[in-house]
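File shown: target06.cif (mmCIF, N, CA and C atoms and all ligand atoms).
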```cif
data_input
loop_
_atom_site.label_atom_id
_atom_site.label_comp_id
_atom_site.auth_asym_id
_atom_site.auth_seq_id
_atom_site.Cartn_x
_atom_site.Cartn_y
_atom_site.Cartn_z
N MET A 1 -317.51 -57.01 -55.50
CA MET A 1 -317.59 -55.57 -55.78
C MET A 1 -316.93 -55.28 -57.11
N PHE A 2 -317.64 -54.57 -57.97
CA PHE A 2 -317.03 -54.27 -59.23
C PHE A 2 -316.85 -52.81 -59.54
N PRO A 3 -315.86 -52.55 -60.37
CA PRO A 3 -315.37 -51.19 -60.53
C PRO A 3 -316.44 -50.19 -60.93
N THR A 4 -316.48 -49.13 -60.20
CA THR A 4 -317.38 -48.03 -60.49
C THR A 4 -316.54 -46.78 -60.34
N THR A 5 -317.14 -45.66 -60.55
CA THR A 5 -316.43 -44.41 -60.35
C THR A 5 -316.00 -44.28 -58.90
N ASP A 6 -316.88 -44.69 -57.99
CA ASP A 6 -316.54 -44.63 -56.56
C ASP A 6 -315.35 -45.53 -56.26
N PHE A 7 -315.33 -46.67 -56.90
CA PHE A 7 -314.21 -47.58 -56.69
C PHE A 7 -312.90 -46.91 -57.09
N THR A 8 -312.91 -46.28 -58.24
CA THR A 8 -311.69 -45.65 -58.73
C THR A 8 -311.19 -44.62 -57.74
N GLU A 9 -312.11 -43.85 -57.19
CA GLU A 9 -311.72 -42.78 -56.29
C GLU A 9 -311.35 -43.30 -54.91
N ASN A 10 -312.17 -44.19 -54.38
CA ASN A 10 -311.98 -44.62 -53.00
C ASN A 10 -310.90 -45.67 -52.83
N VAL A 11 -310.83 -46.61 -53.74
CA VAL A 11 -309.86 -47.69 -53.58
C VAL A 11 -308.55 -47.38 -54.28
N LEU A 12 -308.62 -46.91 -55.50
CA LEU A 12 -307.38 -46.55 -56.16
C LEU A 12 -306.81 -45.26 -55.58
N GLY A 13 -307.66 -44.48 -54.96
CA GLY A 13 -307.18 -43.25 -54.34
C GLY A 13 -306.83 -42.19 -55.37
N ILE A 14 -307.34 -42.32 -56.57
CA ILE A 14 -307.07 -41.28 -57.56
C ILE A 14 -308.36 -40.54 -57.87
N LYS A 15 -308.21 -39.24 -58.10
CA LYS A 15 -309.38 -38.41 -58.33
C LYS A 15 -309.72 -38.31 -59.81
N ASP A 16 -309.02 -39.09 -60.61
CA ASP A 16 -309.24 -38.98 -62.05
C ASP A 16 -310.44 -39.81 -62.48
N ARG A 17 -311.55 -39.13 -62.70
CA ARG A 17 -312.77 -39.83 -63.08
C ARG A 17 -312.77 -40.24 -64.55
N ASN A 18 -311.71 -39.90 -65.25
CA ASN A 18 -311.63 -40.30 -66.66
C ASN A 18 -311.16 -41.73 -66.83
N ILE A 19 -310.62 -42.30 -65.73
CA ILE A 19 -310.18 -43.69 -65.78
C ILE A 19 -311.29 -44.58 -65.26
N LYS A 20 -311.73 -45.49 -66.11
CA LYS A 20 -312.80 -46.39 -65.70
C LYS A 20 -312.42 -47.82 -66.03
N PHE A 21 -312.65 -48.70 -65.06
CA PHE A 21 -312.36 -50.10 -65.32
C PHE A 21 -313.39 -50.67 -66.27
N ASP A 22 -312.93 -51.56 -67.12
CA ASP A 22 -313.79 -52.22 -68.09
C ASP A 22 -314.88 -52.99 -67.35
N GLU A 23 -316.12 -52.65 -67.62
CA GLU A 23 -317.22 -53.28 -66.89
C GLU A 23 -317.37 -54.76 -67.25
N ASN A 24 -317.04 -55.12 -68.46
CA ASN A 24 -317.21 -56.50 -68.89
C ASN A 24 -316.04 -57.39 -68.48
N LEU A 25 -314.85 -56.83 -68.52
CA LEU A 25 -313.68 -57.63 -68.20
C LEU A 25 -312.66 -56.77 -67.45
N PRO A 26 -312.92 -56.47 -66.17
CA PRO A 26 -312.00 -55.61 -65.43
C PRO A 26 -310.69 -56.31 -65.09
N PHE A 27 -310.72 -57.63 -65.07
CA PHE A 27 -309.56 -58.37 -64.60
C PHE A 27 -309.51 -59.74 -65.26
N GLU A 28 -308.32 -60.17 -65.63
CA GLU A 28 -308.16 -61.52 -66.14
C GLU A 28 -306.75 -62.02 -65.85
N THR A 29 -306.60 -63.33 -65.95
CA THR A 29 -305.27 -63.92 -65.83
C THR A 29 -304.88 -64.43 -67.21
N LYS A 30 -303.74 -64.00 -67.70
CA LYS A 30 -303.31 -64.51 -69.00
C LYS A 30 -301.80 -64.58 -69.08
N LYS A 31 -301.33 -65.28 -70.12
CA LYS A 31 -299.91 -65.50 -70.26
C LYS A 31 -299.26 -64.32 -70.96
N ILE A 32 -298.28 -63.68 -70.31
CA ILE A 32 -297.52 -62.61 -70.92
C ILE A 32 -296.04 -62.93 -70.75
N LYS A 33 -295.32 -62.98 -71.84
CA LYS A 33 -293.90 -63.34 -71.82
C LYS A 33 -293.66 -64.64 -71.05
N ASP A 34 -294.49 -65.66 -71.37
CA ASP A 34 -294.36 -66.99 -70.78
C ASP A 34 -294.61 -67.06 -69.28
N GLU A 35 -295.25 -66.02 -68.74
CA GLU A 35 -295.60 -66.07 -67.32
C GLU A 35 -297.10 -65.83 -67.19
N ARG A 36 -297.71 -66.50 -66.22
CA ARG A 36 -299.11 -66.20 -65.93
C ARG A 36 -299.16 -64.86 -65.20
N ALA A 37 -299.92 -63.93 -65.78
CA ALA A 37 -299.94 -62.59 -65.20
C ALA A 37 -301.36 -62.17 -64.86
N ALA A 38 -301.46 -61.32 -63.85
CA ALA A 38 -302.74 -60.70 -63.51
C ALA A 38 -302.85 -59.41 -64.31
N VAL A 39 -303.91 -59.29 -65.08
CA VAL A 39 -304.05 -58.13 -65.96
C VAL A 39 -305.35 -57.39 -65.68
N TYR A 40 -305.23 -56.11 -65.39
CA TYR A 40 -306.41 -55.27 -65.18
C TYR A 40 -306.67 -54.46 -66.44
N HIS A 41 -307.95 -54.26 -66.74
CA HIS A 41 -308.31 -53.51 -67.93
C HIS A 41 -309.05 -52.23 -67.54
N ALA A 42 -308.57 -51.11 -68.07
CA ALA A 42 -309.26 -49.85 -67.81
C ALA A 42 -309.23 -49.00 -69.06
N LYS A 43 -310.11 -48.00 -69.08
CA LYS A 43 -310.19 -47.12 -70.23
C LYS A 43 -310.02 -45.68 -69.76
N LEU A 44 -309.28 -44.91 -70.53
CA LEU A 44 -309.09 -43.51 -70.22
C LEU A 44 -309.79 -42.66 -71.27
N GLU A 45 -310.76 -41.87 -70.81
CA GLU A 45 -311.46 -40.97 -71.73
C GLU A 45 -311.28 -39.54 -71.27
N SER A 46 -311.53 -38.61 -72.16
CA SER A 46 -311.42 -37.21 -71.82
C SER A 46 -312.81 -36.61 -71.64
N GLN A 47 -312.94 -35.67 -70.72
CA GLN A 47 -314.23 -35.00 -70.54
C GLN A 47 -314.27 -33.69 -71.34
N GLU A 48 -313.25 -33.47 -72.15
CA GLU A 48 -313.19 -32.23 -72.93
C GLU A 48 -314.39 -32.10 -73.86
N THR A 49 -314.98 -30.92 -73.91
CA THR A 49 -316.03 -30.67 -74.89
C THR A 49 -315.48 -29.73 -75.97
N HIS A 50 -314.30 -29.14 -75.67
CA HIS A 50 -313.64 -28.25 -76.62
C HIS A 50 -312.39 -28.93 -77.17
N CYS A 51 -312.08 -28.66 -78.40
CA CYS A 51 -310.85 -29.16 -79.00
C CYS A 51 -309.66 -28.50 -78.28
N VAL A 52 -308.66 -29.33 -77.89
CA VAL A 52 -307.51 -28.77 -77.17
C VAL A 52 -306.62 -27.97 -78.12
N ASN A 53 -306.77 -28.17 -79.41
CA ASN A 53 -305.92 -27.47 -80.38
C ASN A 53 -306.52 -26.16 -80.90
N CYS A 54 -307.80 -26.18 -81.26
CA CYS A 54 -308.39 -24.95 -81.82
C CYS A 54 -309.44 -24.33 -80.91
N GLY A 55 -309.86 -25.08 -79.86
CA GLY A 55 -310.81 -24.52 -78.91
C GLY A 55 -312.26 -24.57 -79.35
N PHE A 56 -312.52 -25.13 -80.50
CA PHE A 56 -313.88 -25.22 -81.01
C PHE A 56 -314.69 -26.18 -80.14
N GLU A 57 -315.94 -25.82 -79.86
CA GLU A 57 -316.77 -26.66 -79.01
C GLU A 57 -317.64 -27.61 -79.83
N GLY A 58 -317.75 -28.85 -79.30
CA GLY A 58 -318.66 -29.82 -79.92
C GLY A 58 -318.18 -30.38 -81.23
N SER A 59 -316.89 -30.28 -81.49
CA SER A 59 -316.38 -30.74 -82.78
C SER A 59 -315.64 -32.07 -82.66
N LEU A 60 -315.67 -32.68 -81.46
CA LEU A 60 -314.84 -33.86 -81.24
C LEU A 60 -315.59 -35.16 -81.50
N ILE A 61 -314.94 -36.08 -82.20
CA ILE A 61 -315.48 -37.42 -82.34
C ILE A 61 -314.41 -38.42 -81.90
N LYS A 62 -314.87 -39.56 -81.38
CA LYS A 62 -313.93 -40.60 -80.97
C LYS A 62 -313.25 -41.17 -82.20
N TYR A 63 -311.94 -41.36 -82.09
CA TYR A 63 -311.17 -41.69 -83.27
C TYR A 63 -310.11 -42.72 -82.92
N GLY A 64 -310.56 -43.89 -82.53
CA GLY A 64 -309.64 -44.98 -82.22
C GLY A 64 -309.06 -44.89 -80.82
N THR A 65 -308.33 -45.93 -80.45
CA THR A 65 -307.71 -45.97 -79.12
C THR A 65 -306.29 -46.48 -79.25
N LYS A 66 -305.52 -46.21 -78.19
CA LYS A 66 -304.17 -46.74 -78.11
C LYS A 66 -304.04 -47.40 -76.76
N THR A 67 -303.60 -48.65 -76.74
CA THR A 67 -303.52 -49.37 -75.47
C THR A 67 -302.11 -49.36 -74.92
N CYS A 68 -301.99 -48.92 -73.69
CA CYS A 68 -300.72 -48.97 -72.97
C CYS A 68 -300.75 -50.17 -72.05
N ARG A 69 -299.71 -50.99 -72.07
CA ARG A 69 -299.62 -52.03 -71.06
C ARG A 69 -298.56 -51.62 -70.06
N LEU A 70 -299.00 -51.44 -68.83
CA LEU A 70 -298.12 -50.94 -67.78
C LEU A 70 -297.80 -52.06 -66.82
N LYS A 71 -296.53 -52.26 -66.59
CA LYS A 71 -296.11 -53.29 -65.63
C LYS A 71 -296.09 -52.67 -64.25
N LEU A 72 -296.77 -53.32 -63.33
CA LEU A 72 -296.78 -52.84 -61.96
C LEU A 72 -295.81 -53.67 -61.13
N PRO A 73 -295.31 -53.10 -60.04
CA PRO A 73 -294.38 -53.86 -59.21
C PRO A 73 -295.05 -55.12 -58.66
N ASN A 74 -294.28 -56.19 -58.54
CA ASN A 74 -294.82 -57.42 -57.96
C ASN A 74 -294.96 -57.25 -56.46
N VAL A 75 -296.14 -57.45 -55.97
CA VAL A 75 -296.31 -57.33 -54.52
C VAL A 75 -297.01 -58.54 -53.93
N THR A 76 -297.46 -59.45 -54.77
CA THR A 76 -298.19 -60.59 -54.23
C THR A 76 -297.23 -61.66 -53.74
N ALA A 77 -297.75 -62.54 -52.88
CA ALA A 77 -296.93 -63.61 -52.32
C ALA A 77 -296.47 -64.56 -53.42
N THR A 78 -297.25 -64.70 -54.47
CA THR A 78 -296.92 -65.63 -55.55
C THR A 78 -295.93 -65.05 -56.55
N ARG A 79 -295.62 -63.77 -56.40
CA ARG A 79 -294.74 -63.08 -57.35
C ARG A 79 -295.31 -63.10 -58.77
N GLN A 80 -296.59 -63.17 -58.85
CA GLN A 80 -297.23 -63.13 -60.17
C GLN A 80 -297.12 -61.72 -60.74
N PRO A 81 -296.68 -61.61 -62.00
CA PRO A 81 -296.60 -60.27 -62.58
C PRO A 81 -297.99 -59.63 -62.67
N VAL A 82 -298.02 -58.32 -62.45
CA VAL A 82 -299.28 -57.59 -62.49
C VAL A 82 -299.18 -56.49 -63.54
N TYR A 83 -300.18 -56.45 -64.42
CA TYR A 83 -300.18 -55.44 -65.48
C TYR A 83 -301.49 -54.66 -65.46
N LEU A 84 -301.40 -53.45 -65.94
CA LEU A 84 -302.61 -52.67 -66.20
C LEU A 84 -302.62 -52.36 -67.69
N GLU A 85 -303.69 -52.77 -68.35
CA GLU A 85 -303.85 -52.41 -69.76
C GLU A 85 -304.82 -51.24 -69.84
N LEU A 86 -304.27 -50.09 -70.17
CA LEU A 86 -305.07 -48.86 -70.20
C LEU A 86 -305.30 -48.45 -71.65
N LYS A 87 -306.58 -48.43 -72.01
CA LYS A 87 -306.95 -48.07 -73.37
C LYS A 87 -307.21 -46.57 -73.42
N LYS A 88 -306.33 -45.85 -74.10
CA LYS A 88 -306.50 -44.39 -74.18
C LYS A 88 -307.33 -44.02 -75.40
N GLN A 89 -308.34 -43.21 -75.18
CA GLN A 89 -309.20 -42.77 -76.28
C GLN A 89 -308.52 -41.65 -77.08
N ARG A 90 -308.58 -41.77 -78.41
CA ARG A 90 -308.10 -40.70 -79.26
C ARG A 90 -309.30 -39.94 -79.83
N TYR A 91 -309.16 -38.62 -79.96
CA TYR A 91 -310.25 -37.79 -80.48
C TYR A 91 -309.81 -37.06 -81.75
N LEU A 92 -310.78 -36.89 -82.65
CA LEU A 92 -310.53 -36.12 -83.87
C LEU A 92 -311.43 -34.88 -83.81
N CYS A 93 -310.83 -33.74 -84.08
CA CYS A 93 -311.61 -32.50 -84.16
C CYS A 93 -312.05 -32.30 -85.60
N LYS A 94 -313.37 -32.23 -85.79
CA LYS A 94 -313.91 -32.08 -87.14
C LYS A 94 -313.63 -30.69 -87.70
N GLN A 95 -313.32 -29.75 -86.79
CA GLN A 95 -313.10 -28.38 -87.21
C GLN A 95 -311.70 -28.18 -87.79
N CYS A 96 -310.68 -28.58 -87.02
CA CYS A 96 -309.30 -28.33 -87.47
C CYS A 96 -308.60 -29.60 -87.95
N ARG A 97 -309.31 -30.74 -87.91
CA ARG A 97 -308.78 -32.01 -88.41
C ARG A 97 -307.51 -32.47 -87.68
N THR A 98 -307.35 -32.11 -86.42
CA THR A 98 -306.22 -32.64 -85.65
C THR A 98 -306.75 -33.69 -84.67
N THR A 99 -305.85 -34.50 -84.16
CA THR A 99 -306.25 -35.49 -83.17
C THR A 99 -305.47 -35.25 -81.88
N PHE A 100 -306.04 -35.72 -80.78
CA PHE A 100 -305.30 -35.72 -79.52
C PHE A 100 -305.75 -36.90 -78.68
N MET A 101 -304.87 -37.31 -77.74
CA MET A 101 -305.16 -38.44 -76.87
C MET A 101 -305.67 -37.95 -75.52
N ALA A 102 -306.52 -38.76 -74.92
CA ALA A 102 -306.89 -38.52 -73.53
C ALA A 102 -305.65 -38.76 -72.68
N GLU A 103 -305.37 -37.88 -71.76
CA GLU A 103 -304.20 -38.05 -70.90
C GLU A 103 -304.61 -37.99 -69.43
N THR A 104 -303.75 -38.52 -68.58
CA THR A 104 -303.99 -38.45 -67.15
C THR A 104 -302.67 -38.28 -66.43
N GLU A 105 -302.72 -37.65 -65.28
CA GLU A 105 -301.47 -37.45 -64.53
C GLU A 105 -300.97 -38.76 -63.91
N VAL A 106 -301.86 -39.74 -63.82
CA VAL A 106 -301.47 -41.02 -63.22
C VAL A 106 -300.53 -41.80 -64.13
N VAL A 107 -300.76 -41.65 -65.44
CA VAL A 107 -299.95 -42.38 -66.41
C VAL A 107 -299.29 -41.36 -67.35
N ALA A 108 -297.99 -41.43 -67.47
CA ALA A 108 -297.28 -40.50 -68.33
C ALA A 108 -297.63 -40.74 -69.80
N ALA A 109 -297.39 -39.74 -70.63
CA ALA A 109 -297.78 -39.79 -72.04
C ALA A 109 -297.15 -40.99 -72.75
N HIS A 110 -295.93 -41.36 -72.34
CA HIS A 110 -295.27 -42.48 -73.00
C HIS A 110 -295.54 -43.80 -72.28
N CYS A 111 -296.67 -43.86 -71.58
CA CYS A 111 -297.14 -45.12 -70.99
C CYS A 111 -296.30 -45.67 -69.85
N SER A 112 -295.79 -44.84 -69.00
CA SER A 112 -295.20 -45.37 -67.78
C SER A 112 -296.01 -44.82 -66.61
N ILE A 113 -295.99 -45.59 -65.53
CA ILE A 113 -296.80 -45.22 -64.38
C ILE A 113 -296.07 -44.19 -63.54
N THR A 114 -296.78 -43.17 -63.13
CA THR A 114 -296.12 -42.12 -62.39
C THR A 114 -296.22 -42.32 -60.88
N ARG A 115 -297.14 -43.20 -60.46
CA ARG A 115 -297.28 -43.45 -59.02
C ARG A 115 -297.36 -44.95 -58.77
N PRO A 116 -296.24 -45.67 -58.98
CA PRO A 116 -296.29 -47.13 -59.01
C PRO A 116 -296.70 -47.81 -57.72
N VAL A 117 -296.12 -47.43 -56.61
CA VAL A 117 -296.40 -48.15 -55.38
C VAL A 117 -297.87 -48.03 -55.00
N HIS A 118 -298.39 -46.85 -55.14
CA HIS A 118 -299.78 -46.65 -54.80
C HIS A 118 -300.70 -47.53 -55.63
N TRP A 119 -300.46 -47.58 -56.91
CA TRP A 119 -301.31 -48.38 -57.79
C TRP A 119 -301.22 -49.84 -57.45
N ALA A 120 -300.01 -50.32 -57.21
CA ALA A 120 -299.83 -51.74 -56.96
C ALA A 120 -300.59 -52.17 -55.72
N ILE A 121 -300.51 -51.37 -54.68
CA ILE A 121 -301.20 -51.73 -53.45
C ILE A 121 -302.71 -51.77 -53.68
N THR A 122 -303.22 -50.74 -54.30
CA THR A 122 -304.66 -50.66 -54.41
C THR A 122 -305.21 -51.68 -55.38
N LEU A 123 -304.46 -51.98 -56.43
CA LEU A 123 -304.96 -52.99 -57.36
C LEU A 123 -304.97 -54.36 -56.68
N ASP A 124 -303.94 -54.64 -55.91
CA ASP A 124 -303.91 -55.92 -55.23
C ASP A 124 -305.02 -56.06 -54.21
N ALA A 125 -305.45 -54.94 -53.69
CA ALA A 125 -306.50 -54.98 -52.68
C ALA A 125 -307.77 -55.61 -53.25
N ARG A 126 -307.86 -55.65 -54.56
CA ARG A 126 -309.05 -56.21 -55.17
C ARG A 126 -308.98 -57.72 -55.34
N THR A 127 -307.83 -58.32 -55.11
CA THR A 127 -307.70 -59.73 -55.44
C THR A 127 -307.82 -60.63 -54.22
N ASN A 128 -308.45 -60.15 -53.19
CA ASN A 128 -308.75 -60.95 -52.01
C ASN A 128 -307.52 -61.47 -51.27
N ILE A 129 -306.41 -60.81 -51.43
CA ILE A 129 -305.24 -61.15 -50.65
C ILE A 129 -305.35 -60.34 -49.36
N SER A 130 -304.90 -60.91 -48.26
CA SER A 130 -305.09 -60.17 -47.02
C SER A 130 -304.27 -58.89 -47.04
N LEU A 131 -304.75 -57.90 -46.34
CA LEU A 131 -304.07 -56.60 -46.32
C LEU A 131 -302.67 -56.74 -45.76
N LYS A 132 -302.49 -57.70 -44.85
CA LYS A 132 -301.18 -57.89 -44.25
C LYS A 132 -300.17 -58.35 -45.32
N THR A 133 -300.61 -59.26 -46.18
CA THR A 133 -299.75 -59.77 -47.24
C THR A 133 -299.35 -58.64 -48.19
N ILE A 134 -300.31 -57.78 -48.47
CA ILE A 134 -300.03 -56.68 -49.38
C ILE A 134 -299.04 -55.70 -48.75
N ALA A 135 -299.20 -55.49 -47.47
CA ALA A 135 -298.38 -54.48 -46.81
C ALA A 135 -296.92 -54.92 -46.64
N GLN A 136 -296.71 -56.21 -46.46
CA GLN A 136 -295.37 -56.71 -46.14
C GLN A 136 -294.23 -56.22 -47.04
N PRO A 137 -294.38 -56.33 -48.35
CA PRO A 137 -293.24 -55.92 -49.19
C PRO A 137 -292.90 -54.44 -49.06
N TYR A 138 -293.82 -53.67 -48.57
CA TYR A 138 -293.58 -52.23 -48.48
C TYR A 138 -293.14 -51.82 -47.08
N HIS A 139 -293.10 -52.80 -46.18
CA HIS A 139 -292.71 -52.51 -44.79
C HIS A 139 -293.56 -51.42 -44.18
N ILE A 140 -294.83 -51.50 -44.45
CA ILE A 140 -295.75 -50.56 -43.81
C ILE A 140 -296.84 -51.36 -43.11
N SER A 141 -297.55 -50.76 -42.23
CA SER A 141 -298.56 -51.48 -41.49
C SER A 141 -299.78 -51.70 -42.36
N SER A 142 -300.52 -52.77 -42.05
CA SER A 142 -301.71 -53.06 -42.85
C SER A 142 -302.75 -51.97 -42.66
N ALA A 143 -302.70 -51.26 -41.56
CA ALA A 143 -303.66 -50.19 -41.33
C ALA A 143 -303.54 -49.08 -42.36
N SER A 144 -302.32 -48.84 -42.82
CA SER A 144 -302.14 -47.75 -43.77
C SER A 144 -302.49 -48.14 -45.20
N VAL A 145 -302.67 -49.46 -45.41
CA VAL A 145 -303.15 -49.89 -46.74
C VAL A 145 -304.62 -49.54 -46.84
ZN ZN B 201 -309.84 -28.38 -83.35
#
```
What is this file in structure tokens?
Amino acid sequence: MFPTTDFTENVLGIKDRNIKFDENLPFETKKIKDERAAVYHAKLESQETHCVNCGFEGSLIKYGTKTCRLKLPNVTATRQPVYLELKKQRYLCKQCRTTFMAETEVVAAHCSITRPVHWAITLDARTNISLKTIAQPYHISSASV
């Protein structure tokens, strides 16, 4: 099963449709700080059609991205570090020449996660680890995962 809008809503449990997992490379294992880490890739875009600064409609163009690497709590049996790399879209308003970033309530502006436990559980649910294993570190039943 690969990430879709439904996946984001149903499995991650977040209603933010602006966060989409990278269709080509949603997940990889790579070395970060000398440790093999599980890394998820997602992109954050804005659905704004109006400039947030001047309110002009239809004046926005995509203007680069900024990638946040967010460390998630370790919850797997292997203690493998888990990261989310979230690429935030930046927009330029052709009318007032200002830029702004796509933002979400799930991730704070300075790139820290605002709902860590929830994300860790749901992201791990994608890696074929049994629900019981995921639930253990949180001392909750597998049914509530
Ligand atoms: Zn503007």
Hey, which bits of chain A sit within 6 Å of ligand ZN 201 (chain B), and for each residue what's the closest pair of atoms and how far apart in Å (one decimal), counting only C-alpha atoms and all ligand atoms, rows by chain and increasing number, as a tab-separated table?
```
residue	atom	partner	partner_atom	distance
A:Cys51	CA	B:ZN201	ZN	4.5
A:Asn53	CA	B:ZN201	ZN	5.0
A:Cys54	CA	B:ZN201	ZN	4.0
A:Gly55	CA	B:ZN201	ZN	6.0
A:Phe56	CA	B:ZN201	ZN	5.6
A:Cys93	CA	B:ZN201	ZN	4.6
A:Gln95	CA	B:ZN201	ZN	5.1
A:Cys96	CA	B:ZN201	ZN	4.2
```
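When atom C of A:Glu48 is paired with atom CA of A:Phe27, their separation reads 28.3 Å.
The residue that comes closest to A:Glu23, out of A:Lys87, A:Lys62, A:His41, A:Arg36 and on the basis of all atoms listed in the file, is A:His41.
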Could you give me, as a PyMOL selection string, the residues that have an atom at most 7 Å away from the point (-301.8, -41.9, -82.0) in the coordinates of the file, using only N, CA and C atoms? chain A and resi 65-66+90+101
List every protein, DNA or RNA residue with an atom no more than 6 Å from (-300.3, -57.7, -64.0) in the file's coordinates, counting all atoms listed in the file, and format the result as a ChimeraX atom specification. /A:37-40,72,81-84
